[in-house]
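With CSV, C-alpha atoms and all ligand atoms inside, this is entry.csv:
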chain,number,residue,atom,x,y,z
A,1,MET,CA,-78.8,-9.8,24.4
A,2,ILE,CA,-76.6,-6.9,23.6
A,3,LYS,CA,-75.1,-6.6,20.2
A,4,VAL,CA,-71.5,-5.8,20.3
A,5,VAL,CA,-69.3,-5.0,17.4
A,6,LEU,CA,-65.8,-5.2,18.4
A,7,ALA,CA,-63.2,-2.7,17.8
A,8,ILE,CA,-60.3,-4.7,16.6
A,9,MET,CA,-56.8,-3.2,16.8
A,10,VAL,CA,-53.5,-4.3,15.5
A,11,LEU,CA,-52.4,-7.9,15.7
A,12,VAL,CA,-53.5,-8.8,19.1
A,13,VAL,CA,-55.2,-7.5,22.0
A,14,LEU,CA,-57.4,-4.6,22.2
A,15,THR,CA,-59.6,-6.0,24.9
A,16,VAL,CA,-63.1,-4.7,25.5
A,17,THR,CA,-64.5,-4.5,29.0
A,18,SER,CA,-67.9,-5.2,30.3
A,19,ALA,CA,-67.8,-1.8,31.9
A,20,CYS,CA,-70.8,0.3,32.4
A,21,ASN,CA,-70.9,3.8,30.9
A,22,GLN,CA,-71.4,6.9,32.9
A,23,ASP,CA,-75.1,6.2,33.5
A,24,GLY,CA,-74.4,2.8,34.8
A,25,VAL,CA,-75.9,1.2,31.8
A,26,ALA,CA,-74.1,-1.5,29.9
A,27,PRO,CA,-73.0,0.1,26.6
A,28,THR,CA,-74.0,-0.9,23.2
A,29,ILE,CA,-70.9,-0.6,21.1
A,30,GLU,CA,-71.7,-0.1,17.4
A,31,SER,CA,-68.6,1.6,16.3
A,32,SER,CA,-67.3,0.8,12.8
A,33,THR,CA,-64.6,-1.7,13.3
A,34,VAL,CA,-61.1,-0.9,12.3
A,35,PHE,CA,-59.5,-3.9,10.8
A,36,ILE,CA,-55.8,-3.8,10.3
A,37,ARG,CA,-53.4,-6.1,8.7
A,38,PRO,CA,-51.0,-7.0,11.4
A,39,THR,CA,-47.3,-7.6,11.5
A,40,MET,CA,-46.1,-11.0,12.5
A,41,THR,CA,-47.2,-12.1,16.0
A,42,PRO,CA,-44.1,-12.8,18.1
A,43,ILE,CA,-44.0,-16.6,18.5
A,44,PRO,CA,-42.7,-17.7,21.8
A,45,ASP,CA,-40.2,-20.5,21.5
A,46,LEU,CA,-41.9,-22.4,24.3
A,47,LYS,CA,-44.9,-23.5,22.2
A,48,SER,CA,-45.3,-27.0,21.0
A,49,SER,CA,-44.5,-28.0,17.4
A,50,SER,CA,-48.1,-28.2,16.5
A,51,THR,CA,-48.8,-24.6,17.6
A,52,PHE,CA,-48.4,-21.8,15.0
A,53,SER,CA,-49.0,-18.9,17.4
A,54,VAL,CA,-50.3,-18.0,20.8
A,55,GLY,CA,-52.7,-15.3,21.8
A,56,LEU,CA,-52.9,-13.9,25.3
A,57,THR,CA,-55.0,-11.0,26.3
A,58,TYR,CA,-52.1,-9.5,28.1
A,59,GLY,CA,-50.0,-9.5,25.0
A,60,ASN,CA,-47.3,-12.0,25.5
A,61,VAL,CA,-45.9,-14.3,28.1
A,62,SER,CA,-43.7,-11.6,29.6
A,63,GLY,CA,-46.6,-9.4,30.5
A,64,ASN,CA,-45.0,-6.6,28.5
A,65,LYS,CA,-47.5,-5.1,26.0
A,66,TYR,CA,-44.8,-4.0,23.6
A,67,PHE,CA,-44.6,-5.5,20.1
A,68,PRO,CA,-41.3,-5.0,18.3
A,69,GLY,CA,-41.5,-4.6,14.5
A,70,SER,CA,-43.5,-2.2,12.5
A,71,ALA,CA,-46.9,-1.8,11.0
A,72,ASN,CA,-49.2,0.9,9.7
A,73,ILE,CA,-52.6,0.8,11.1
A,74,ARG,CA,-53.3,4.4,10.5
A,75,ASP,CA,-53.3,4.8,6.7
A,76,GLY,CA,-55.2,2.8,4.2
A,77,ALA,CA,-57.0,0.5,6.6
A,78,GLU,CA,-60.5,0.0,5.5
A,79,PRO,CA,-62.9,-0.5,8.4
A,80,THR,CA,-64.6,-3.8,8.4
A,81,ALA,CA,-67.5,-4.4,10.8
A,82,TYR,CA,-68.6,-7.8,12.1
A,83,GLN,CA,-71.6,-8.1,14.4
A,84,PHE,CA,-72.0,-10.8,17.0
A,85,GLU,CA,-74.6,-11.7,19.5
A,86,ILE,CA,-72.7,-11.7,22.8
A,87,ASN,CA,-73.4,-10.5,26.3
A,88,SER,CA,-71.2,-7.5,27.1
A,89,ALA,CA,-67.9,-8.4,25.7
A,90,ARG,CA,-65.2,-8.6,28.3
A,91,TRP,CA,-62.2,-9.6,26.3
A,92,VAL,CA,-60.9,-9.8,22.8
A,93,ILE,CA,-57.9,-12.0,22.0
A,94,GLY,CA,-56.3,-12.4,18.6
A,95,SER,CA,-53.5,-14.4,17.2
A,96,MET,CA,-52.1,-15.1,13.8
A,97,GLY,CA,-52.8,-18.1,11.6
A,98,PRO,CA,-50.4,-19.9,9.3
A,99,ARG,CA,-51.8,-18.3,6.1
A,100,GLY,CA,-51.5,-14.8,7.5
A,101,GLU,CA,-55.1,-14.8,8.8
A,102,ILE,CA,-56.1,-13.9,12.3
A,103,VAL,CA,-58.1,-15.9,14.8
A,104,TRP,CA,-60.2,-13.8,17.1
A,105,SER,CA,-61.8,-14.8,20.3
A,106,MET,CA,-64.4,-12.8,22.1
A,107,VAL,CA,-65.5,-13.6,25.6
A,108,GLY,CA,-68.5,-12.1,27.2
A,109,ASP,CA,-70.6,-12.7,30.3
A,110,HIS,CA,-72.4,-15.8,31.2
A,111,GLY,CA,-70.9,-18.2,28.7
A,112,SER,CA,-71.4,-16.1,25.6
A,113,ASN,CA,-68.5,-16.2,23.3
A,114,GLY,CA,-67.4,-16.2,19.7
A,115,VAL,CA,-64.5,-17.4,17.7
A,116,PHE,CA,-63.9,-16.3,14.1
A,117,ARG,CA,-61.1,-16.1,11.6
A,118,THR,CA,-60.4,-13.4,9.1
A,119,ALA,CA,-58.1,-13.4,6.1
A,120,ALA,CA,-55.6,-10.7,5.5
A,121,ASP,CA,-58.1,-8.8,3.4
A,122,GLY,CA,-60.6,-8.8,6.3
A,123,GLU,CA,-62.9,-11.4,4.9
A,124,LEU,CA,-64.3,-14.1,7.2
A,125,VAL,CA,-62.8,-17.5,6.5
A,126,PRO,CA,-63.6,-20.9,8.1
A,127,THR,CA,-62.7,-21.0,11.7
A,128,GLY,CA,-61.4,-24.5,11.9
A,129,ALA,CA,-62.0,-27.0,14.8
A,130,ILE,CA,-62.2,-25.5,18.3
A,131,TYR,CA,-61.0,-27.3,21.4
A,132,GLY,CA,-61.1,-26.3,25.0
A,133,SER,CA,-63.2,-23.7,26.7
A,134,GLN,CA,-62.6,-20.0,26.1
A,135,LEU,CA,-64.9,-19.0,28.9
A,136,ASP,CA,-63.6,-18.0,32.2
A,137,GLU,CA,-65.0,-15.7,34.8
A,138,LEU,CA,-61.7,-14.2,35.8
A,139,VAL,CA,-59.0,-14.6,33.2
A,140,PRO,CA,-59.6,-15.4,29.6
A,141,SER,CA,-58.0,-18.6,28.3
A,142,MET,CA,-54.8,-18.6,26.2
A,143,LEU,CA,-55.6,-19.0,22.5
A,144,LEU,CA,-53.4,-21.4,20.6
A,145,VAL,CA,-53.6,-21.4,16.8
A,146,GLY,CA,-52.5,-24.7,15.2
A,147,GLU,CA,-50.3,-25.3,12.2
A,148,LEU,CA,-51.9,-26.1,8.9
A,149,THR,CA,-52.9,-29.8,8.6
A,150,THR,CA,-51.9,-32.0,5.7
A,151,ASP,CA,-55.5,-31.5,4.4
A,152,GLY,CA,-55.1,-28.3,2.5
A,153,ASN,CA,-58.7,-27.3,3.1
A,154,ASP,CA,-58.3,-27.4,6.8
A,155,PRO,CA,-57.2,-24.1,8.3
A,156,GLY,CA,-55.8,-25.8,11.4
A,157,ALA,CA,-57.3,-26.1,14.9
A,158,VAL,CA,-58.0,-23.5,17.5
A,159,ARG,CA,-57.4,-24.5,21.1
A,160,PHE,CA,-58.0,-22.7,24.4
A,161,GLU,CA,-56.1,-23.4,27.6
A,162,ASP,CA,-56.6,-22.1,31.1
A,163,ILE,CA,-53.8,-19.9,32.3
A,164,HIS,CA,-54.5,-19.5,36.0
A,165,ALA,CA,-51.8,-19.4,38.6
A,166,ASP,CA,-53.9,-21.2,41.2
A,167,GLY,CA,-52.8,-24.7,40.5
A,168,ARG,CA,-55.7,-25.9,38.4
A,169,ASN,CA,-54.6,-27.9,35.4
A,170,HIS,CA,-53.3,-25.6,32.8
A,171,LEU,CA,-50.5,-25.2,30.4
A,172,LEU,CA,-48.5,-22.1,29.9
A,173,LEU,CA,-46.5,-22.5,26.8
A,174,GLY,CA,-44.8,-25.7,27.6
A,175,VAL,CA,-45.0,-25.3,31.3
A,176,ARG,CA,-47.7,-27.5,32.9
A,177,PHE,CA,-49.4,-26.8,36.2
A,178,GLU,CA,-51.3,-29.6,38.0
A,179,GLU,CA,-53.0,-29.4,41.3
A,180,PHE,CA,-52.5,-32.1,44.0
A,181,GLY,CA,-54.4,-31.0,47.1
A,182,ASP,CA,-52.7,-27.9,48.4
A,183,GLN,CA,-49.7,-28.4,46.2
A,184,THR,CA,-49.0,-27.6,42.6
A,185,ALA,CA,-46.7,-29.6,40.4
A,186,ILE,CA,-45.0,-27.5,37.8
A,187,THR,CA,-43.5,-29.5,34.9
A,188,TYR,CA,-41.1,-28.2,32.4
A,189,ARG,CA,-39.0,-30.3,30.1
A,190,GLY,CA,-39.9,-33.5,31.8
A,191,LEU,CA,-39.0,-32.4,35.3
A,192,SER,CA,-41.8,-31.8,37.9
A,193,THR,CA,-41.4,-29.9,41.1
A,194,LEU,CA,-44.0,-29.5,43.8
A,195,TYR,CA,-44.8,-26.1,45.3
A,196,SER,CA,-47.2,-24.6,47.8
A,197,LEU,CA,-48.5,-21.6,45.8
A,198,ASP,CA,-50.7,-19.3,47.7
A,199,VAL,CA,-52.4,-17.7,44.8
A,200,LEU,CA,-56.0,-17.0,43.6
A,201,PRO,CA,-57.6,-17.7,40.3
A,202,ASP,CA,-57.2,-14.2,38.9
A,203,ALA,CA,-53.4,-14.2,39.2
A,204,VAL,CA,-51.6,-14.7,36.0
A,205,THR,CA,-48.0,-16.1,35.7
A,206,VAL,CA,-45.5,-14.5,33.3
A,207,ILE,CA,-42.2,-15.9,32.0
A,208,ASP,CA,-38.9,-14.2,31.2
A,209,GLY,CA,-36.4,-15.2,28.6
A,210,ALA,CA,-34.5,-17.3,31.1
A,211,VAL,CA,-37.6,-19.4,31.8
A,212,ASN,CA,-38.2,-18.0,35.2
A,213,LEU,CA,-41.8,-17.8,36.3
A,214,TYR,CA,-43.2,-14.8,38.2
A,215,SER,CA,-46.6,-14.2,39.8
A,216,TYR,CA,-48.1,-12.4,42.6
A,217,ALA,CA,-49.1,-14.5,45.6
A,218,GLU,CA,-50.3,-14.5,49.2
A,219,PRO,CA,-53.6,-12.8,48.9
A,220,THR,CA,-54.4,-10.1,51.5
A,221,HIS,CA,-57.2,-7.7,52.3
A,222,ARG,CA,-55.0,-5.1,54.0
A,223,TYR,CA,-55.4,-2.6,51.1
A,224,PRO,CA,-59.2,-2.6,50.3
A,225,HIS,CA,-59.0,-0.5,47.1
A,226,GLY,CA,-61.0,-2.9,44.9
A,227,ALA,CA,-59.9,-1.4,41.6
A,228,LEU,CA,-59.1,-4.7,40.0
A,229,GLY,CA,-62.2,-6.8,40.4
A,230,ASP,CA,-62.1,-7.5,44.2
A,231,LYS,CA,-60.5,-6.2,47.4
A,232,THR,CA,-57.9,-8.9,47.5
A,233,GLU,CA,-54.4,-7.8,46.6
A,234,TRP,CA,-51.1,-9.5,47.1
A,235,ALA,CA,-48.4,-9.5,49.7
A,236,ALA,CA,-45.8,-11.5,47.8
A,237,LEU,CA,-44.0,-11.7,44.5
A,238,ASN,CA,-43.1,-15.3,43.6
A,239,ALA,CA,-40.1,-16.3,41.3
A,240,ILE,CA,-39.5,-19.9,40.2
A,241,PRO,CA,-36.5,-20.7,38.0
A,242,LEU,CA,-37.4,-23.5,35.6
A,243,SER,CA,-34.2,-23.7,33.6
A,244,SER,CA,-32.2,-24.3,36.7
A,245,GLU,CA,-31.5,-27.6,38.5
A,246,ASN,CA,-32.6,-25.9,41.6
A,247,ARG,CA,-36.2,-24.9,41.0
A,248,LYS,CA,-36.6,-23.4,44.5
A,249,LEU,CA,-39.4,-20.9,44.9
A,250,ARG,CA,-38.1,-17.4,45.9
A,251,GLN,CA,-40.3,-14.7,47.3
A,252,HIS,CA,-40.3,-11.0,48.0
A,253,ILE,CA,-42.8,-10.3,50.8
A,254,LEU,CA,-44.1,-6.8,51.3
A,255,GLN,CA,-44.3,-5.4,54.8
A,256,GLY,CA,-46.8,-3.2,56.7
A,257,ASP,CA,-49.8,-2.2,54.6
A,258,GLU,CA,-48.1,-2.5,51.2
A,259,VAL,CA,-49.6,-4.7,48.5
A,260,PHE,CA,-48.8,-5.6,44.9
A,261,GLU,CA,-51.8,-4.0,43.1
A,262,ALA,CA,-52.1,-5.8,39.8
A,263,LEU,CA,-52.8,-9.2,38.4
A,264,PHE,CA,-49.4,-10.0,37.0
A,265,PRO,CA,-45.9,-8.5,36.9
A,266,LEU,CA,-44.1,-7.5,33.8
A,267,VAL,CA,-40.7,-8.7,32.8
A,268,ALA,CA,-38.5,-6.6,30.5
A,269,ASP,CA,-34.9,-5.3,30.3
A,270,VAL,CA,-35.4,-1.9,31.9
A,271,ASN,CA,-31.7,-0.9,32.1
A,272,GLY,CA,-30.3,-2.3,28.8
A,273,ASP,CA,-28.0,-4.9,30.3
A,274,GLU,CA,-29.8,-7.7,28.3
A,275,VAL,CA,-31.1,-9.2,31.5
A,276,GLN,CA,-34.8,-8.8,32.2
A,277,GLU,CA,-36.0,-7.1,35.4
A,278,ILE,CA,-39.4,-7.5,37.0
A,279,VAL,CA,-41.6,-4.4,37.0
A,280,THR,CA,-44.3,-4.3,39.6
A,281,THR,CA,-46.9,-1.9,41.1
A,282,VAL,CA,-46.8,-1.5,44.8
A,283,SER,CA,-49.5,0.4,46.7
A,284,ASP,CA,-50.1,1.5,50.3
A,285,PRO,CA,-52.9,3.5,52.0
A,286,ALA,CA,-50.8,6.6,52.6
A,287,SER,CA,-49.3,7.3,49.2
A,288,GLY,CA,-51.1,5.1,46.7
A,289,ALA,CA,-49.3,3.2,43.9
A,290,ARG,CA,-45.7,3.4,42.7
A,291,LEU,CA,-43.5,1.3,40.4
A,292,VAL,CA,-41.0,-1.0,42.0
A,293,VAL,CA,-38.4,-2.8,39.8
A,294,PHE,CA,-36.8,-6.0,41.0
A,295,ASP,CA,-33.7,-7.9,40.0
A,296,TYR,CA,-33.8,-11.7,40.2
A,297,ASP,CA,-30.8,-14.0,40.4
A,298,GLU,CA,-29.7,-17.1,42.3
A,299,ASN,CA,-29.9,-15.1,45.5
A,300,GLY,CA,-33.5,-14.2,45.0
A,301,LEU,CA,-35.5,-11.0,44.3
A,302,SER,CA,-34.1,-7.6,45.2
A,303,VAL,CA,-35.5,-4.1,44.7
A,304,ILE,CA,-33.3,-2.1,42.3
A,305,ALA,CA,-35.4,1.0,41.7
A,306,GLU,CA,-38.6,2.7,42.6
A,307,SER,CA,-40.7,5.6,41.3
A,308,ASP,CA,-42.3,8.3,43.4
A,309,PRO,CA,-45.8,7.2,44.5
A,310,VAL,CA,-48.9,8.8,43.2
A,311,GLY,CA,-49.1,10.6,46.5
A,312,THR,CA,-52.6,9.8,47.7
A,313,GLY,CA,-53.9,6.5,49.0
A,314,PHE,CA,-56.2,4.4,46.8
A,315,ARG,CA,-54.9,6.0,43.7
A,316,TRP,CA,-53.6,3.4,41.2
A,317,LEU,CA,-51.2,3.4,38.3
A,318,HIS,CA,-51.5,1.1,35.4
A,319,GLN,CA,-48.2,-0.2,34.2
A,320,ILE,CA,-48.4,-1.0,30.5
A,321,ALA,CA,-45.1,-1.5,28.6
A,322,VAL,CA,-41.4,-1.3,28.6
A,323,ALA,CA,-40.1,-0.2,25.2
A,324,PRO,CA,-37.7,2.1,23.4
A,325,PHE,CA,-40.1,5.0,23.7
A,326,GLY,CA,-37.4,7.7,24.2
A,327,PRO,CA,-36.7,10.2,21.3
A,328,ASN,CA,-33.4,8.4,20.8
A,329,GLY,CA,-34.7,4.9,21.5
A,330,GLU,CA,-34.1,5.1,25.3
A,331,ILE,CA,-35.9,2.4,27.2
A,332,GLU,CA,-38.8,3.8,29.2
A,333,ILE,CA,-41.6,2.4,31.3
A,334,ALA,CA,-45.0,3.6,30.2
A,335,VAL,CA,-47.9,3.8,32.7
A,336,VAL,CA,-51.2,5.6,32.9
A,337,GLU,CA,-51.5,7.1,36.4
A,338,THR,CA,-55.1,7.2,37.8
A,339,PRO,CA,-56.8,5.9,34.7
A,340,HIS,CA,-60.1,6.2,36.5
A,341,VAL,CA,-59.7,9.8,37.6
A,342,GLY,CA,-57.8,11.8,35.1
A,343,GLY,CA,-55.6,9.4,33.3
A,344,ILE,CA,-52.1,10.8,33.1
A,345,ALA,CA,-49.7,9.0,30.7
A,346,LYS,CA,-46.2,8.9,32.3
A,347,PHE,CA,-42.9,7.7,31.1
A,348,TYR,CA,-40.1,6.6,33.5
A,349,ARG,CA,-36.4,5.8,33.0
A,350,LEU,CA,-34.2,3.9,35.2
A,351,VAL,CA,-31.4,6.3,36.1
A,352,ASP,CA,-28.9,5.9,38.9
A,353,GLY,CA,-30.9,3.4,40.8
A,354,ARG,CA,-34.2,5.1,40.7
A,355,LEU,CA,-37.1,5.5,38.3
A,356,GLU,CA,-37.2,9.1,37.0
A,357,LEU,CA,-40.2,10.6,35.5
A,358,VAL,CA,-39.0,11.9,32.1
A,359,ALA,CA,-42.3,13.0,30.5
A,360,SER,CA,-46.0,13.0,31.1
A,361,LYS,CA,-49.3,14.1,29.6
A,362,ALA,CA,-52.6,14.6,31.4
A,363,GLY,CA,-55.2,13.6,28.8
A,364,GLY,CA,-57.8,11.6,30.7
A,365,TYR,CA,-56.5,8.4,29.2
A,366,MET,CA,-58.8,5.6,30.4
A,367,SER,CA,-56.6,2.5,30.0
A,368,HIS,CA,-58.5,0.7,32.7
A,369,VAL,CA,-62.1,0.8,33.9
A,370,ASN,CA,-62.5,0.8,37.7
A,371,GLY,CA,-63.4,-2.6,39.0
A,372,SER,CA,-62.4,-4.5,35.9
A,373,ARG,CA,-59.9,-7.3,35.7
A,374,ASN,CA,-59.0,-6.3,32.2
A,375,LEU,CA,-55.6,-4.7,32.5
A,376,ASP,CA,-55.0,-5.1,28.7
A,377,GLN,CA,-56.5,-2.2,27.0
A,378,ALA,CA,-53.3,-0.4,26.0
A,379,VAL,CA,-50.4,-1.5,23.8
A,380,ALA,CA,-47.0,-0.2,22.6
A,381,GLY,CA,-45.3,-0.6,19.2
A,382,ASP,CA,-44.6,1.2,15.9
A,383,PHE,CA,-48.2,1.3,14.6
A,384,ASP,CA,-47.7,3.9,11.9
A,385,GLY,CA,-44.6,2.6,10.3
A,386,ASP,CA,-42.3,5.5,11.0
A,387,GLY,CA,-39.9,3.6,13.2
A,388,ALA,CA,-40.9,5.3,16.4
A,389,VAL,CA,-42.8,3.5,19.1
A,390,GLU,CA,-46.2,4.7,20.1
A,391,LEU,CA,-48.2,4.0,23.2
A,392,ILE,CA,-51.9,3.4,22.2
A,393,VAL,CA,-54.4,4.1,24.9
A,394,PRO,CA,-58.1,4.6,25.0
A,395,SER,CA,-59.3,8.2,25.3
A,396,ARG,CA,-61.5,9.6,28.1
A,397,TYR,CA,-64.5,7.3,28.4
A,398,GLN,CA,-62.9,5.0,25.8
A,399,LYS,CA,-64.5,6.8,22.8
A,400,SER,CA,-61.4,6.3,20.7
A,401,LEU,CA,-57.8,5.1,20.6
A,402,ILE,CA,-55.0,7.7,20.9
A,403,ALA,CA,-51.4,7.2,19.8
A,404,LEU,CA,-49.0,8.9,22.1
A,405,ARG,CA,-45.4,9.4,21.2
A,406,ARG,CA,-42.4,10.7,23.2
A,407,ILE,CA,-41.0,13.8,21.5
A,408,GLY,CA,-38.2,15.7,23.2
A,409,ASP,CA,-39.1,15.9,26.9
A,410,SER,CA,-42.8,15.8,26.3
A,411,VAL,CA,-45.6,13.4,25.2
A,412,GLU,CA,-47.7,14.2,22.2
A,413,GLU,CA,-50.9,12.9,20.8
A,414,VAL,CA,-49.9,12.0,17.2
A,415,TRP,CA,-53.1,10.4,15.9
A,416,GLU,CA,-56.4,9.0,16.8
A,417,LEU,CA,-58.6,6.1,15.6
A,501,CA,CA,-31.8,-5.4,32.6
A,502,CA,CA,-44.5,4.9,15.0
Spell out the structure here as structure tokens.
Amino acid sequence: MIKVVLAIMVLVVLTVTSACNQDGVAPTIESSTVFIRPTMTPIPDLKSSSTFSVGLTYGNVSGNKYFPGSANIRDGAEPTAYQFEINSARWVIGSMGPRGEIVWSMVGDHGSNGVFRTAADGELVPTGAIYGSQLDELVPSMLLVGELTTDGNDPGAVRFEDIHADGRNHLLLGVRFEEFGDQTAITYRGLSTLYSLDVLPDAVTVIDGAVNLYSYAEPTHRYPHGALGDKTEWAALNAIPLSSENRKLRQHILQGDEVFEALFPLVADVNGDEVQEIVTTVSDPASGARLVVFDYDENGLSVIAESDPVGTGFRWLHQIAVAPFGPNGEIEIAVVETPHVGGIAKFYRLVDGRLELVASKAGGYMSHVNGSRNLDQAVAGDFDGDGAVELIVPSRYQKSLIALRRIGDSVEEVWEL
């Protein structure tokens, strides 16, 4: 049994992998824990009335790991350490409770897990009733924190829901998936529609503000990179409009040896027109990964912009967040290119129909551990209260967390925890 003390960051999701260290030995993490009073967790409006907040390891239902608002995790935060018996922590999920407390869920290997609740001052408080299973081999469950009950001594319930896109029973914030043989019924606002979704259990579905669902689909082995847990990647991007009368599944299918190399797309307004686009990572054996941005409307999915590729096959880029990173609040896409071999933070802007690289920094940022399904170890937001957005990424070998900020036409490391 390995003792793991988690490094908790901000309001949500610093997720911890089960990765081995350089010697191939599972690490014992005994860092002093940084405990931070969070800003309000964004509350999606798709939750039920009994749910106070929702925690997802990938940040929020859009897949965009950007948290608007402002907090200061840098100054005055007293570290608080908690120690749990857990087999190599894979994931940490957090979400806010109705009294300003935070509910934390840790998921490790082979069924080990832990749930606890901390007050705003960092003290442990009663966890409340726990329903559902938080354990999953591939994708951690969604954490739902309930409203206060009428009994003032009850902190409210904690519930876990599967969020797979493979048609097993699950609930994604008011959207219910149920499997019927090869078909999946997706129900939203009382209307059910049947689909043949060719997905696997590690695919995650994201939702945009217009209640369109997006997920990768059509597994393929034609790009055997294996950076994200297995050598199965995706040939298709699915889009399903739930707010429409016509809930027809639309697809973009990649050709040749190309694959979508990630576990979920990201939806965000990349060009400032108040309509969300879909940001994806597409890879091929000749040139490696690149960003591809799609538009979605009643005519389906269409490519509107791409970045240059990494340039070498089997070199990945980790798309993290779309946020007003620019010095004047310009919207940019933050990625870490080759997080396993050199980790370059890069920022792209959509200009004249293509994604232009506007700034980068080669700092060895290890936002992902090769072979892990945890794509959630980086986050964007104003974490020092100065109004500017930082990108928080793990340092080389994940020894610390580094805040990166766009300054002028460069990227600077502004602080470290
Ligand atoms: Ca847009
Ligand atoms: Ca800031």
Show me which residues are within 8 Å of ligand CA 501 (chain A) counting all atoms listed in the file, and format the list as a list in words.
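The distance check yields Ala268, Asp269, Val270, Asn271, Gly272, Asp273, Glu274, Val275, Gln276 and Glu277 of chain A.
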Near Val322 of chain A, within 8 Å and counting all atoms listed in the file, which residues show up once chain neighbours fewer than 4 positions away are dropped, as a PDB file with C-alpha atoms, in the coordinates of the input?
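File written: out.pdb
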ATOM      1  CA  ASN A  64     -45.000  -6.600  28.500  1.00  0.00           C
ATOM      2  CA  LYS A  65     -47.500  -5.100  26.000  1.00  0.00           C
ATOM      3  CA  TYR A  66     -44.800  -4.000  23.600  1.00  0.00           C
ATOM      4  CA  ALA A 268     -38.500  -6.600  30.500  1.00  0.00           C
ATOM      5  CA  ASP A 269     -34.900  -5.300  30.300  1.00  0.00           C
ATOM      6  CA  VAL A 270     -35.400  -1.900  31.900  1.00  0.00           C
ATOM      7  CA  ILE A 331     -35.900   2.400  27.200  1.00  0.00           C
ATOM      8  CA  GLU A 332     -38.800   3.800  29.200  1.00  0.00           C
ATOM      9  CA  ILE A 333     -41.600   2.400  31.300  1.00  0.00           C
ATOM     10  CA  ALA A 334     -45.000   3.600  30.200  1.00  0.00           C
TER      11      ALA A 334
END
Within 7 Å of ligand CA 502 (chain A), which residues show up when you count all atoms listed in the file? List them as an mmCIF file with C-alpha atoms, keeping the file's coordinate frame, please.
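Printed below is out_35.cif as written:
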data_model
loop_
_atom_site.group_PDB
_atom_site.id
_atom_site.type_symbol
_atom_site.label_atom_id
_atom_site.label_comp_id
_atom_site.auth_asym_id
_atom_site.auth_seq_id
_atom_site.Cartn_x
_atom_site.Cartn_y
_atom_site.Cartn_z
ATOM 1 C CA GLY A 381 -45.300 -0.600 19.200
ATOM 2 C CA ASP A 382 -44.600 1.200 15.900
ATOM 3 C CA PHE A 383 -48.200 1.300 14.600
ATOM 4 C CA ASP A 384 -47.700 3.900 11.900
ATOM 5 C CA GLY A 385 -44.600 2.600 10.300
ATOM 6 C CA ASP A 386 -42.300 5.500 11.000
ATOM 7 C CA GLY A 387 -39.900 3.600 13.200
ATOM 8 C CA ALA A 388 -40.900 5.300 16.400
ATOM 9 C CA VAL A 389 -42.800 3.500 19.100
ATOM 10 C CA GLU A 390 -46.200 4.700 20.100
#
What does the structure give for the distance between atom CA of Ile130 of chain A and atom CA of Ala157 of chain A, in Å to one decimal?
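Separating atom CA of Ile130 of chain A from atom CA of Ala157 of chain A is a distance of 6.0 Å.
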Neighbours of segment 361-364 of chain A within 7 Å (only C-alpha atoms; same-chain residues fewer than 2 positions away dropped), as a PyMOL selection string?
chain A and resi 342-346+366+395-396+411
Next, write the just-selected residues to a file, as a JSON list (two decimals), in the frame of the given file, keeping C-alpha atoms as the atom set.
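The new file selection_25.json reads:
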[["chain", "number", "residue", "atom", "x", "y", "z"],
["A", 342, "GLY", "CA", -57.80, 11.80, 35.10],
["A", 343, "GLY", "CA", -55.60, 9.40, 33.30],
["A", 344, "ILE", "CA", -52.10, 10.80, 33.10],
["A", 345, "ALA", "CA", -49.70, 9.00, 30.70],
["A", 346, "LYS", "CA", -46.20, 8.90, 32.30],
["A", 366, "MET", "CA", -58.80, 5.60, 30.40],
["A", 395, "SER", "CA", -59.30, 8.20, 25.30],
["A", 396, "ARG", "CA", -61.50, 9.60, 28.10],
["A", 411, "VAL", "CA", -45.60, 13.40, 25.20]]
How many Å lie between atom CA of Pro68 of chain A and atom CA of Pro324 of chain A, rounded to one decimal?
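Between atom CA of Pro68 of chain A and atom CA of Pro324 of chain A the gap is 9.5 Å.
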Determine, using all atoms listed in the file, which residues of segment 247-286 of chain A have any atom at most 10 Å from an atom of segment 182-197 of chain A, and tabulate each with its shortest atom pair and distance in Å to one decimal place, rows ordered by chain and then rising number, as CSV.
residue,atom,partner,partner_atom,distance
A:Arg247,CA,A:Thr193,CA,7.2
A:Lys248,CA,A:Tyr195,CA,8.7
A:Leu249,CA,A:Tyr195,CA,7.5
Any idea what's packed within 10 Å of Asp409 of chain A, counting all atoms listed in the file, ignoring anything in its chain fewer than 4 positions away? Could you give it as a list in words?
Gly326, Pro327, Phe347, Val358, Ala359 and Ser360 of chain A
Which one of A:Ser287, A:Arg74, A:Gly108, A:Lys231 sits closest to Trp91 of chain A if you count all atoms listed in the file?
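Distance minimum relative to Trp91 of chain A lands on A:Gly108.
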Choose the residue, out of A:Ser70, A:Ser50, A:Ser215, A:Ser367, that has the smallest atom-to-atom separation from Gln251 of chain A; count only C-alpha atoms.
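Closest to Gln251 of chain A of all the choices is A:Ser215.
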Please compute the atom CA of Gly181 of chain A-atom CA of Pro201 of chain A distance, one decimal, in Å.
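According to the coordinates, atom CA of Gly181 of chain A and atom CA of Pro201 of chain A are separated by 15.3 Å.
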Closest of A:Gly55, A:Gly353, A:Gly174, A:Gly69 to Ser141 of chain A - atom-to-atom distances counting all atoms listed in the file:
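Closest to Ser141 of chain A, using all atoms listed in the file: A:Gly55.
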